[in-house]
Every structure is written in C-alpha cells, then in structure tokens.
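**Q** One structure coming up, written as structure tokens, with questions to follow.
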Amino acid sequence: MSSLPKLGWDQLDWSVLDRLRKQFLSDELSAGPYWQSLADLAHYDLTFAERIGWKWDHVLAELKQRGWSPPAGPLLDWGCGSGIAHRRVARAWPEVPTSLQVFDHSLLAEKFAINRWRDLPTEIAIDSWDRSVNPTTLVISHVINELSDDDAEDLMTALESATTVLWIEPGASDAAHMLVDWRERLRGKFNIIYPCPHQGRCGLLAAGNENHWCHHFAPPPGELGADPNWVKFGQRAGIDLRSLPYSALVLDRREAPVEPVPPGHIVGRIIGRPKVAKPFARLLGCDETSVSTLQLPRRLAPSLVKKLDRPTAPRRMHWQRMDGTVTRVQAVAPAKSD
Ligand SMILES: C[S@@+](CC[C@H](N)C(=O)[O-])C[C@H]1O[C@@H](n2cnc3c(N)ncnc32)[C@H](O)[C@@H]1O
C-alpha cells in the first residue's frame with residue numbers, strides 16, 4: 001500500500017508551488033535539498049514534473065521513430081526528484097529497464113520516486129542507487145543548474161559507467177550552454193544520438209554563434225487547452241504551457257548505425273523555432289559543417305515550410321545547402337502531427 005499523499009487539482013497548495021518555482025528560477029545554488037515534505041513532491045509531480053514529462057515524450061518519440069532504443073539493463077535516474085524521467089523512459093520502452101535505481105541528494109525525493117513507481121502495475125524492482133551496479137542507461141533531467149563542481153564530478157562518475165545516457169534540461173540559454181559543455185567532455189567516449197546530426201565539435205562554439213543556444217520545443221498534449229485544471233494552473237503560475245523549450249543530449253557507447261542519406265545530402269537539424277515568411281522559412285540550421293542561419297525556400301517543400309514554426313513539425317532533415325540557402329530537403333524525423 002502506498003505511503004504517498006494523494007493530491008487532486010482541487011487540493012493544490014499554492015504556497016508550496018510558489019516556493020518551488022522560486023527555487024527553480026533562482027540563480028543561486030541551494031544550500032542543500034529543498035524538498036520539505038512528500039507533499040512538496042506530490043505537488044511537483046502533478047504539475048511541473050508532468051510538464052517536464054511532455055518534453056521527454058517529444059525526445060523519446062523521435063528516438064523511437066528513428067528505431068533507436070537503449071539496451072536492456074539497470075536504469076539509473078540521477079537527481080530523480082519525483083521520478084518523472086524514468087517513468088517516461090520506462091513507458092516508452094517497457095522492456096528496457098530490468099531494474100530501476102534512483103539517486104537524489106534528498107532522501108524524501110528518493111522515497112517519493114520509489115513509492116510512486118511501486119504504485120504502478122509493474123514487476124520491475126526499484127531502489128536507491130547501489131553504486132556497485134553499473135547502470136546500462138542513465139537518465140538525467142532538470143538538474144544541471146543545481147550542481148556544484150563536486151556534484152558535477154559525482155555525476156561524471158555515473159556517466160563514466162553508463163552505456164547510454166538520456167538527458168533533458170530546460171531550454172534556457174544557461175542550461176543549454178552547460179549541456180554543450182558536457183557534450184564536449186563526453187564526445188569521443190559516446191556517440192551522440194540526439195539532438196546533434198554529427199559527432200564533431202559543437203558548431204555553436206564557433207566564433208559568431210555566441211548569441212545562439214541549442215534549444216528545441218516540444219508540443220504540449222493536444223487536449224491541454226480544454227483541460228480547466230491545466231488552464232487554471234498555467235494562469236496562476238504565469239507559465240505559457242504551450243511553449244515547452246528544452247535542451248537535450250542522448251549518448252550511446254555502442255556503435256552508431258549507418259544512416260542512409262541521399263547522395264549529396266547531409267543530416268541537419270533545426271535549432272529553436274524557425275520563422276515562416278511567404279517566400280521562405282528562416283531557421284538556425286545545425287549540420288556537420290556549421291551552425292548557421294539558413295533560408296528554406298517555400299517552393300522546395302511547400303507543405304513542410306507551411307507548418308515549420310509549429311513544435312509538431314519535423315526538425316531533423318537530410319538537406320543540401322549553399323551560401324545560406326537550403327537547396328534540397330527531406331524531413332527524416334517527422335514529429336507527431338497536430
Ligand atoms: C528540478 S528537480 C528535477 C527532478 C527530476 N529529475 C525531474 O526532471 O522532474 C532537481 C532534482 O535534483 C536533485 N539534486 C540537486 N542537486 C543534486 C545532487 N548534487 N545530487 C543529487 N541530486 C541532486 C534535487 O534534489 C531535485 O530533486
């Protein structure tokens with residue numbers, strides 16, 4: 001029987017949610033764990049964490065469409081909070097985690113995540129992190145800007161032992177820049193599966209790209225606008241729930257499958273939100289040559305360009321480009337349609 005507090009939308013305590021949000025938005029590193037009770041985690045799980053879950057769904061949907069999955073084995077959720085990240089990963093690939101481990105410097109968070117999982121109809125065991133067991137898959141979510149240098153080294157130890165890593169962070173520039181720094185530290189040890197269309201140095205580190213950051217937008221669930229609980233939550237919290245910016249990094253030590261690319265094309269990804277105008281879309285394009293602003297003429301792919309500013313639109317392409325213009329394009333990872 002679960003020991004978790006049951007929480008309904010009509011029981012939200014806004015003093016809890018306001019305190020947590022202030023904490024998340026603060027630039028200051030917290031002096032230690034900030035969860036004060038299991039009720040804090042229940043509030044978080046119903047609201048902010050669920051919103052994070054929508055970002056996970058977007059990344060996982062593309063990975064699944066591309067036929068990628070982590071290998072089966074123990075899965076560790078590092079900085080687990082209420083456990084939304086491992087629950088989303090296990091829902092996407094029920095056969096992947098053979099066991100779950102959670103780590104958080106808050107024991108309350110670990111307790112909540114463990115009990116939340118045990119309330120689900122599943123046989124998969126969950127426990128606190130046993131450092132003698134190497135995780136096959138490491139899951140990290142929304143923790144990057146809470147880490148001291150020592151914490152980061154502890155996280156690096158976990159990264160060193162994992163085969164695959166799934167990592168999602170906020171889409172704000174500070175978190176996204178930090179994630180690029182991690183990418184550069186880990187590149188060479190892992191293949192980069194997402195979001196990068198190449199394995200080289202991040203093109204955002206080139207001179208001239210200082211004002212850009214690697215962020216992406218997930219679509220909210222289709223029924224969100226018709227759900228009065230979420231509408232009220234968004235208004236009271238001052239959050240535009242339709243905008244779900246995130247940054248991400250998915251890594252794999254296994255050999256990368258060879259991707260068939262049409263002759264003369266390279267793999268590219270659109271960063272951020274393109275601007276669609278009548279004759280063309282203007283976008284920030286990333287590929288093995290650079291990160292740079294590109295124009296994609298509407299006549300090349302009218303139905304693609306028309307919807308390109310929607311978060312449901314494809315972001316991964318095979319393209320040819322010349323002098324700042326895309327000259328041929330094929331979307332390769334269409335997102336869910338809206
Ligand atoms: C914003 S919450 C995110 C929780 C969860 N990963 C999610 O995506 O919903 C950040 C979590 O990281 C934990 N955390 C922060 N610093 C940590 C550290 N040094 N070691 C372990 N956990 C840490 C916090 O206690 C908190 O539960």
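Letters A, B, ... mark the chains of the structure tokens in the order given; residue numbers begin at 1 per chain; ligand numbers begin at 1, in order shown.
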To check your reading of the model: which residues sit at most 9 Å from ligand 1 when counting only C-alpha atoms and all ligand atoms? Write the answer as a ChimeraX atom specification.
**A** /A:20,23-24,29-30,32-35,41,44-45,48-53,77-86,103-110,139-148,150-152,154-155,168-169
**Q** Filtering to N, CA and C atoms, could you give me those residues as a short mmCIF file (atom, residue, chain, number, x, y, z; two decimals), in the first residue's frame?
**A**
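Below is the file again.cif, written as the result:
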```cif
data_model
loop_
_atom_site.label_atom_id
_atom_site.label_comp_id
_atom_site.auth_asym_id
_atom_site.auth_seq_id
_atom_site.Cartn_x
_atom_site.Cartn_y
_atom_site.Cartn_z
N LEU A 20 8.45 26.37 -4.64
CA LEU A 20 9.25 25.51 -5.52
C LEU A 20 9.66 26.25 -6.78
N GLN A 23 12.37 28.58 -6.21
CA GLN A 23 13.61 27.81 -6.08
C GLN A 23 14.18 27.45 -7.46
N PHE A 24 13.33 26.97 -8.36
CA PHE A 24 13.81 26.54 -9.67
C PHE A 24 14.32 27.71 -10.50
N LEU A 29 22.78 28.50 -6.13
CA LEU A 29 22.79 27.07 -5.81
C LEU A 29 22.15 26.90 -4.44
N SER A 30 21.25 25.91 -4.29
CA SER A 30 20.62 25.74 -2.98
C SER A 30 21.66 25.19 -2.00
N GLY A 32 21.32 22.94 -0.02
CA GLY A 32 21.11 21.51 0.18
C GLY A 32 19.74 21.16 -0.37
N PRO A 33 19.26 19.98 -0.04
CA PRO A 33 17.94 19.57 -0.54
C PRO A 33 16.85 20.58 -0.16
N TYR A 34 15.95 20.85 -1.10
CA TYR A 34 14.90 21.85 -0.83
C TYR A 34 13.52 21.23 -0.69
N TRP A 35 13.39 19.93 -0.92
CA TRP A 35 12.07 19.32 -0.70
C TRP A 35 11.83 19.25 0.80
N LEU A 41 6.66 17.03 -3.01
CA LEU A 41 6.93 16.22 -4.21
C LEU A 41 5.64 15.85 -4.93
N TYR A 44 4.71 18.84 -6.94
CA TYR A 44 5.62 18.93 -8.08
C TYR A 44 5.26 17.89 -9.15
N ASP A 45 4.99 16.68 -8.68
CA ASP A 45 4.74 15.57 -9.60
C ASP A 45 3.49 15.81 -10.46
N PHE A 48 4.62 20.64 -12.29
CA PHE A 48 5.87 20.95 -13.01
C PHE A 48 6.50 19.69 -13.62
N ALA A 49 6.45 18.59 -12.88
CA ALA A 49 7.08 17.37 -13.39
C ALA A 49 6.32 16.83 -14.60
N GLU A 50 5.00 16.92 -14.56
CA GLU A 50 4.22 16.43 -15.70
C GLU A 50 4.59 17.23 -16.96
N ARG A 51 4.78 18.54 -16.76
CA ARG A 51 5.18 19.40 -17.89
C ARG A 51 6.55 18.95 -18.42
N ILE A 52 7.45 18.58 -17.52
CA ILE A 52 8.75 18.05 -17.95
C ILE A 52 8.54 16.73 -18.72
N GLY A 53 7.55 15.97 -18.29
CA GLY A 53 7.23 14.71 -18.97
C GLY A 53 6.87 14.93 -20.44
N ASP A 77 18.16 6.82 -12.49
CA ASP A 77 17.65 8.19 -12.63
C ASP A 77 18.40 9.04 -11.60
N TRP A 78 19.33 9.88 -12.12
CA TRP A 78 20.23 10.66 -11.25
C TRP A 78 19.62 12.04 -11.02
N GLY A 79 19.35 12.39 -9.75
CA GLY A 79 18.64 13.65 -9.47
C GLY A 79 17.16 13.46 -9.76
N CYS A 80 16.62 12.35 -9.24
CA CYS A 80 15.33 11.84 -9.72
C CYS A 80 14.14 12.72 -9.38
N GLY A 81 14.22 13.55 -8.32
CA GLY A 81 13.02 14.29 -7.91
C GLY A 81 11.88 13.32 -7.70
N SER A 82 10.73 13.61 -8.31
CA SER A 82 9.56 12.73 -8.11
C SER A 82 9.59 11.52 -9.05
N GLY A 83 10.56 11.48 -9.96
CA GLY A 83 10.75 10.28 -10.79
C GLY A 83 10.10 10.32 -12.16
N ILE A 84 9.75 11.53 -12.62
CA ILE A 84 9.03 11.61 -13.91
C ILE A 84 9.89 11.05 -15.06
N ALA A 85 11.19 11.30 -15.02
CA ALA A 85 12.04 10.95 -16.17
C ALA A 85 12.09 9.43 -16.37
N HIS A 86 12.35 8.69 -15.28
CA HIS A 86 12.43 7.22 -15.50
C HIS A 86 11.05 6.65 -15.82
N PHE A 103 18.58 8.15 -7.62
CA PHE A 103 19.52 8.87 -6.77
C PHE A 103 19.07 10.32 -6.67
N ASP A 104 19.04 10.83 -5.46
CA ASP A 104 18.78 12.25 -5.24
C ASP A 104 19.44 12.60 -3.92
N HIS A 105 19.98 13.83 -3.83
CA HIS A 105 20.57 14.15 -2.52
C HIS A 105 19.47 14.41 -1.49
N SER A 106 18.24 14.43 -1.92
CA SER A 106 17.10 14.48 -1.00
C SER A 106 16.55 13.06 -0.82
N LEU A 107 16.60 12.56 0.41
CA LEU A 107 16.05 11.22 0.67
C LEU A 107 14.54 11.22 0.51
N LEU A 108 13.91 12.38 0.75
CA LEU A 108 12.46 12.49 0.53
C LEU A 108 12.13 12.24 -0.94
N ALA A 109 12.96 12.81 -1.81
CA ALA A 109 12.73 12.64 -3.25
C ALA A 109 12.86 11.16 -3.62
N GLU A 110 13.91 10.52 -3.14
CA GLU A 110 14.07 9.08 -3.45
C GLU A 110 12.87 8.29 -2.94
N VAL A 139 19.57 8.22 -16.75
CA VAL A 139 18.57 9.22 -17.09
C VAL A 139 18.81 10.43 -16.20
N ILE A 140 18.86 11.62 -16.81
CA ILE A 140 19.13 12.85 -16.06
C ILE A 140 18.13 13.90 -16.53
N SER A 141 17.55 14.62 -15.60
CA SER A 141 16.52 15.57 -16.02
C SER A 141 16.48 16.79 -15.09
N HIS A 142 16.68 17.95 -15.68
CA HIS A 142 16.46 19.23 -15.00
C HIS A 142 17.22 19.34 -13.68
N VAL A 143 18.50 19.08 -13.79
CA VAL A 143 19.33 19.14 -12.58
C VAL A 143 20.61 19.95 -12.82
N ILE A 144 20.90 20.25 -14.08
CA ILE A 144 22.22 20.77 -14.46
C ILE A 144 22.58 22.05 -13.72
N ASN A 145 21.59 22.93 -13.53
CA ASN A 145 21.96 24.21 -12.90
C ASN A 145 21.82 24.16 -11.38
N GLU A 146 21.73 22.96 -10.83
CA GLU A 146 21.73 22.83 -9.37
C GLU A 146 23.04 22.23 -8.87
N LEU A 147 24.00 22.01 -9.79
CA LEU A 147 25.18 21.23 -9.41
C LEU A 147 26.39 22.10 -9.07
N SER A 148 27.02 21.82 -7.93
CA SER A 148 28.32 22.41 -7.62
C SER A 148 29.38 21.65 -8.43
N ASP A 150 31.72 19.79 -7.27
CA ASP A 150 31.85 18.44 -6.70
C ASP A 150 30.70 17.55 -7.16
N ASP A 151 29.47 18.13 -7.19
CA ASP A 151 28.31 17.35 -7.66
C ASP A 151 28.53 16.92 -9.11
N ALA A 152 29.07 17.85 -9.90
CA ALA A 152 29.28 17.55 -11.32
C ALA A 152 30.27 16.39 -11.48
N ASP A 154 30.63 13.97 -9.34
CA ASP A 154 29.88 12.77 -8.96
C ASP A 154 29.03 12.30 -10.14
N LEU A 155 28.42 13.26 -10.80
CA LEU A 155 27.61 12.90 -11.97
C LEU A 155 28.50 12.30 -13.06
N ILE A 168 17.72 15.48 -20.35
CA ILE A 168 16.92 16.63 -20.79
C ILE A 168 17.01 17.73 -19.74
N GLU A 169 17.18 18.95 -20.22
CA GLU A 169 17.31 20.11 -19.36
C GLU A 169 16.41 21.24 -19.88
#
```
**Q** Can you list, as a ChimeraX atom specification, every protein, DNA or RNA residue that comes within 8 Å of Val326 in chain A when you count only C-alpha atoms, leaving out same-chain residues fewer than 4 positions away?
**A** /A:294-297,319-322
**Q** Find the distance between CA of Ala248 in chain A and CA of Thr122 in chain A and write it in Å to one decimal.
**A**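 Atom-to-atom, CA of Ala248 in chain A to CA of Thr122 in chain A, that is 27.8 Å.
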**Q** Within 9 Å of Ala125 in chain A, counting only C-alpha atoms, which residues qualify if same-chain residues fewer than 2 places away don't, as a list in words?
**A**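 Neighbouring residues, sequence-local ones excluded: Thr98, Ser99, Leu100, Gln101, Trp117, Arg118, Thr122, Glu123 and Asp127 of chain A.
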**Q** Hey, which of A:Asn211, A:Gln199, A:Thr136, A:Asn229 ends up closest to Glu288 in chain A? Count only C-alpha atoms.
**A**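 Closest to Glu288 in chain A of all the choices is A:Gln199.
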**Q** Using only C-alpha atoms for the distances, tell me which of A:Arg328, A:Trp93, A:Ala313, A:Pro135 is nearest to Pro263 in chain A.
**A**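 For Pro263 in chain A, the nearest of the given residues is A:Arg328.
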**Q** Name the closest residue to Val261 in chain A among the candidates A:Val59, A:Met317, A:Met156, A:Ile192; distances are taken between atoms, counting only C-alpha atoms.
**A**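 So, comparing all the options, the nearest one is A:Met317.
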**Q** Give me, as a PDB file with C-alpha atoms, in the first residue's frame, all polymer residues having an atom no more than 9 Å from range 277-284 of chain A, counting only C-alpha atoms and skipping those fewer than 6 positions away in the same chain.
**A**
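around-v2.pdb, freshly written:
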```pdb
ATOM      1  CA  HIS A 212      22.587  31.225 -30.077  1.00  0.00           C
ATOM      2  CA  ARG A 269      18.688  19.739 -37.516  1.00  0.00           C
ATOM      3  CA  ILE A 270      16.731  22.914 -36.999  1.00  0.00           C
ATOM      4  CA  ILE A 271      17.528  24.582 -33.689  1.00  0.00           C
ATOM      5  CA  VAL A 291      25.522  26.114 -37.098  1.00  0.00           C
ATOM      6  CA  SER A 292      24.237  28.986 -39.209  1.00  0.00           C
ATOM      7  CA  THR A 293      21.175  30.873 -40.290  1.00  0.00           C
ATOM      8  CA  LEU A 294      19.597  29.356 -43.398  1.00  0.00           C
ATOM      9  CA  GLN A 295      16.736  30.177 -45.694  1.00  0.00           C
ATOM     10  CA  LEU A 296      14.495  27.353 -46.785  1.00  0.00           C
ATOM     11  CA  PRO A 297      12.523  28.439 -49.886  1.00  0.00           C
ATOM     12  CA  ARG A 298       8.840  27.547 -49.681  1.00  0.00           C
ATOM     13  CA  ARG A 299       8.823  26.229 -53.237  1.00  0.00           C
ATOM     14  CA  VAL A 305       7.557  25.058 -44.826  1.00  0.00           C
ATOM     15  CA  LYS A 306       3.929  25.995 -44.180  1.00  0.00           C
ATOM     16  CA  LEU A 308       7.606  24.641 -39.896  1.00  0.00           C
ATOM     17  CA  ASP A 309       7.081  27.038 -36.987  1.00  0.00           C
TER      18      ASP A 309
END
```
**Q** Apply DSSP to the backbone of this structure and, from range 80-289 of chain A, keep only the residues in alpha helix (DSSP H); write these as a PDB file with C-alpha atoms, in the first residue's frame.
**A**
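Result written to out.pdb:
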```pdb
ATOM      1  CA  ILE A  84       9.034  11.609 -13.910  1.00  0.00           C
ATOM      2  CA  ALA A  85      12.037  10.946 -16.174  1.00  0.00           C
ATOM      3  CA  HIS A  86      12.434   7.220 -15.500  1.00  0.00           C
ATOM      4  CA  ARG A  87       8.670   6.733 -15.626  1.00  0.00           C
ATOM      5  CA  ARG A  88       8.528   8.293 -19.105  1.00  0.00           C
ATOM      6  CA  VAL A  89      11.509   6.263 -20.342  1.00  0.00           C
ATOM      7  CA  ALA A  90      10.048   3.035 -18.943  1.00  0.00           C
ATOM      8  CA  ARG A  91       6.702   3.834 -20.553  1.00  0.00           C
ATOM      9  CA  ALA A  92       8.383   4.374 -23.916  1.00  0.00           C
ATOM     10  CA  LEU A 107      16.049  11.219   0.668  1.00  0.00           C
ATOM     11  CA  LEU A 108      12.460  12.486   0.533  1.00  0.00           C
ATOM     12  CA  ALA A 109      12.725  12.637  -3.253  1.00  0.00           C
ATOM     13  CA  GLU A 110      14.069   9.084  -3.448  1.00  0.00           C
ATOM     14  CA  LYS A 111      11.295   7.885  -1.141  1.00  0.00           C
ATOM     15  CA  PHE A 112       8.625   9.605  -3.240  1.00  0.00           C
ATOM     16  CA  ALA A 113      10.008   8.298  -6.544  1.00  0.00           C
ATOM     17  CA  ILE A 114      10.314   4.745  -5.212  1.00  0.00           C
ATOM     18  CA  ASN A 115       6.786   4.682  -3.795  1.00  0.00           C
ATOM     19  CA  ARG A 116       5.325   6.359  -6.862  1.00  0.00           C
ATOM     20  CA  TRP A 117       6.849   3.598  -9.012  1.00  0.00           C
ATOM     21  CA  ARG A 118       5.677   0.840  -6.658  1.00  0.00           C
ATOM     22  CA  ASP A 149      31.680  21.401  -9.109  1.00  0.00           C
ATOM     23  CA  ASP A 150      31.848  18.438  -6.700  1.00  0.00           C
ATOM     24  CA  ASP A 151      28.309  17.354  -7.659  1.00  0.00           C
ATOM     25  CA  ALA A 152      29.283  17.550 -11.321  1.00  0.00           C
ATOM     26  CA  GLU A 153      32.232  15.221 -10.690  1.00  0.00           C
ATOM     27  CA  ASP A 154      29.885  12.765  -8.959  1.00  0.00           C
ATOM     28  CA  LEU A 155      27.606  12.903 -11.971  1.00  0.00           C
ATOM     29  CA  MET A 156      30.630  12.350 -14.229  1.00  0.00           C
ATOM     30  CA  THR A 157      31.363   9.121 -12.323  1.00  0.00           C
ATOM     31  CA  ALA A 158      27.859   7.899 -13.109  1.00  0.00           C
ATOM     32  CA  LEU A 159      28.266   8.955 -16.751  1.00  0.00           C
ATOM     33  CA  GLU A 160      31.560   7.074 -16.994  1.00  0.00           C
ATOM     34  CA  SER A 161      29.836   3.824 -16.041  1.00  0.00           C
ATOM     35  CA  SER A 173      20.417  29.618 -22.605  1.00  0.00           C
ATOM     36  CA  ASP A 174      22.389  28.977 -19.387  1.00  0.00           C
ATOM     37  CA  ALA A 175      21.290  25.340 -19.079  1.00  0.00           C
ATOM     38  CA  ALA A 176      21.677  24.731 -22.820  1.00  0.00           C
ATOM     39  CA  HIS A 177      25.228  26.153 -22.802  1.00  0.00           C
ATOM     40  CA  MET A 178      26.126  23.932 -19.832  1.00  0.00           C
ATOM     41  CA  LEU A 179      24.815  20.902 -21.685  1.00  0.00           C
ATOM     42  CA  VAL A 180      27.019  21.748 -24.687  1.00  0.00           C
ATOM     43  CA  ASP A 181      29.998  21.841 -22.297  1.00  0.00           C
ATOM     44  CA  TRP A 182      29.064  18.341 -21.065  1.00  0.00           C
ATOM     45  CA  ARG A 183      28.676  17.213 -24.674  1.00  0.00           C
ATOM     46  CA  GLU A 184      32.214  18.326 -25.412  1.00  0.00           C
ATOM     47  CA  ARG A 185      33.541  16.473 -22.349  1.00  0.00           C
ATOM     48  CA  LEU A 186      31.720  13.271 -23.311  1.00  0.00           C
ATOM     49  CA  PRO A 228      -9.596  23.502 -16.974  1.00  0.00           C
ATOM     50  CA  ASN A 229      -7.104  22.258 -14.374  1.00  0.00           C
ATOM     51  CA  TRP A 230      -4.124  22.922 -16.607  1.00  0.00           C
ATOM     52  CA  VAL A 231      -5.557  26.197 -17.918  1.00  0.00           C
ATOM     53  CA  LYS A 232      -6.011  27.469 -14.352  1.00  0.00           C
ATOM     54  CA  PHE A 233      -2.596  26.170 -13.348  1.00  0.00           C
ATOM     55  CA  GLY A 234      -0.892  27.934 -16.261  1.00  0.00           C
ATOM     56  CA  GLN A 235      -2.651  31.216 -15.493  1.00  0.00           C
ATOM     57  CA  ARG A 236      -1.946  31.099 -11.760  1.00  0.00           C
ATOM     58  CA  ALA A 237       1.671  30.005 -12.214  1.00  0.00           C
TER      59      ALA A 237
END
```
**Q** Contacts of Leu249 in chain A at 7 Å or less, counting only C-alpha atoms, minus same-chain residues fewer than 5 places along, as a list in words?
**A** Leu166, Trp167, Ile168, Tyr194 and Pro195 of chain A
**Q** Deliver the residues from the most recent selection as a file, using C-alpha atoms, as a compact mmCIF listing (two decimals), in the first residue's frame.
**A**
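Written out: result-v6.txt:
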```txt
# COMPACT_ATOMS: atom_id res chain seq x y z
CA LEU A 166 19.25 10.25 -21.85
CA TRP A 167 19.46 13.81 -20.58
CA ILE A 168 16.92 16.63 -20.79
CA TYR A 194 20.26 13.40 -30.15
CA PRO A 195 19.95 16.24 -30.98
```
**Q** Based on the backbone DSSP call, show me all residues of range 171-202 of chain A assigned strand (DSSP E or B), as a list in words.
**A**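 Here is the list: Arg187, Phe190, Asn191, Ile192, Ile193 and Tyr194 of chain A.
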**Q** Out of A:Leu224, A:Pro74, A:Arg187, A:Gly272, which residue has the shortest atom-to-atom distance to Gly171 in chain A when counting only C-alpha atoms?
**A**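 Between A:Leu224, A:Pro74, A:Arg187, A:Gly272, the residue approaching Gly171 in chain A most closely is A:Gly272.
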**Q** Would you work out the distance separating CA of Arg201 in chain A from CA of Lys189 in chain A, expressed in Å to one decimal?
**A** 13.3 Å
**Q** Could you pull the residues within 10 Å of Ser243 in chain A, counting only C-alpha atoms, minus those fewer than 4 positions along the same chain, as number ranges by chain?
**A** A: 217-220, 239, 311
**Q** Those residues with N, CA and C atoms, as an mmCIF file, in the first residue's frame please?
**A**
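That gives us result.cif:
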```
data_model
loop_
_atom_site.group_PDB
_atom_site.id
_atom_site.type_symbol
_atom_site.label_atom_id
_atom_site.label_comp_id
_atom_site.auth_asym_id
_atom_site.auth_seq_id
_atom_site.Cartn_x
_atom_site.Cartn_y
_atom_site.Cartn_z
ATOM 1 N N PHE A 217 11.696 22.830 -29.082
ATOM 2 C CA PHE A 217 10.370 22.998 -28.474
ATOM 3 C C PHE A 217 9.570 21.716 -28.619
ATOM 4 N N ALA A 218 8.994 21.280 -27.500
ATOM 5 C CA ALA A 218 8.093 20.121 -27.527
ATOM 6 C C ALA A 218 6.662 20.624 -27.630
ATOM 7 N N PRO A 219 5.806 19.864 -28.292
ATOM 8 C CA PRO A 219 4.395 20.250 -28.296
ATOM 9 C C PRO A 219 3.722 19.822 -26.991
ATOM 10 N N PRO A 220 2.825 20.645 -26.451
ATOM 11 C CA PRO A 220 2.053 20.182 -25.293
ATOM 12 C C PRO A 220 1.028 19.157 -25.751
ATOM 13 N N ILE A 239 2.739 30.625 -16.390
ATOM 14 C CA ILE A 239 3.537 29.842 -17.355
ATOM 15 C C ILE A 239 2.708 29.659 -18.621
ATOM 16 N N PRO A 311 5.618 23.320 -33.130
ATOM 17 C CA PRO A 311 6.511 22.380 -32.429
ATOM 18 C C PRO A 311 6.311 20.932 -32.864
#
```
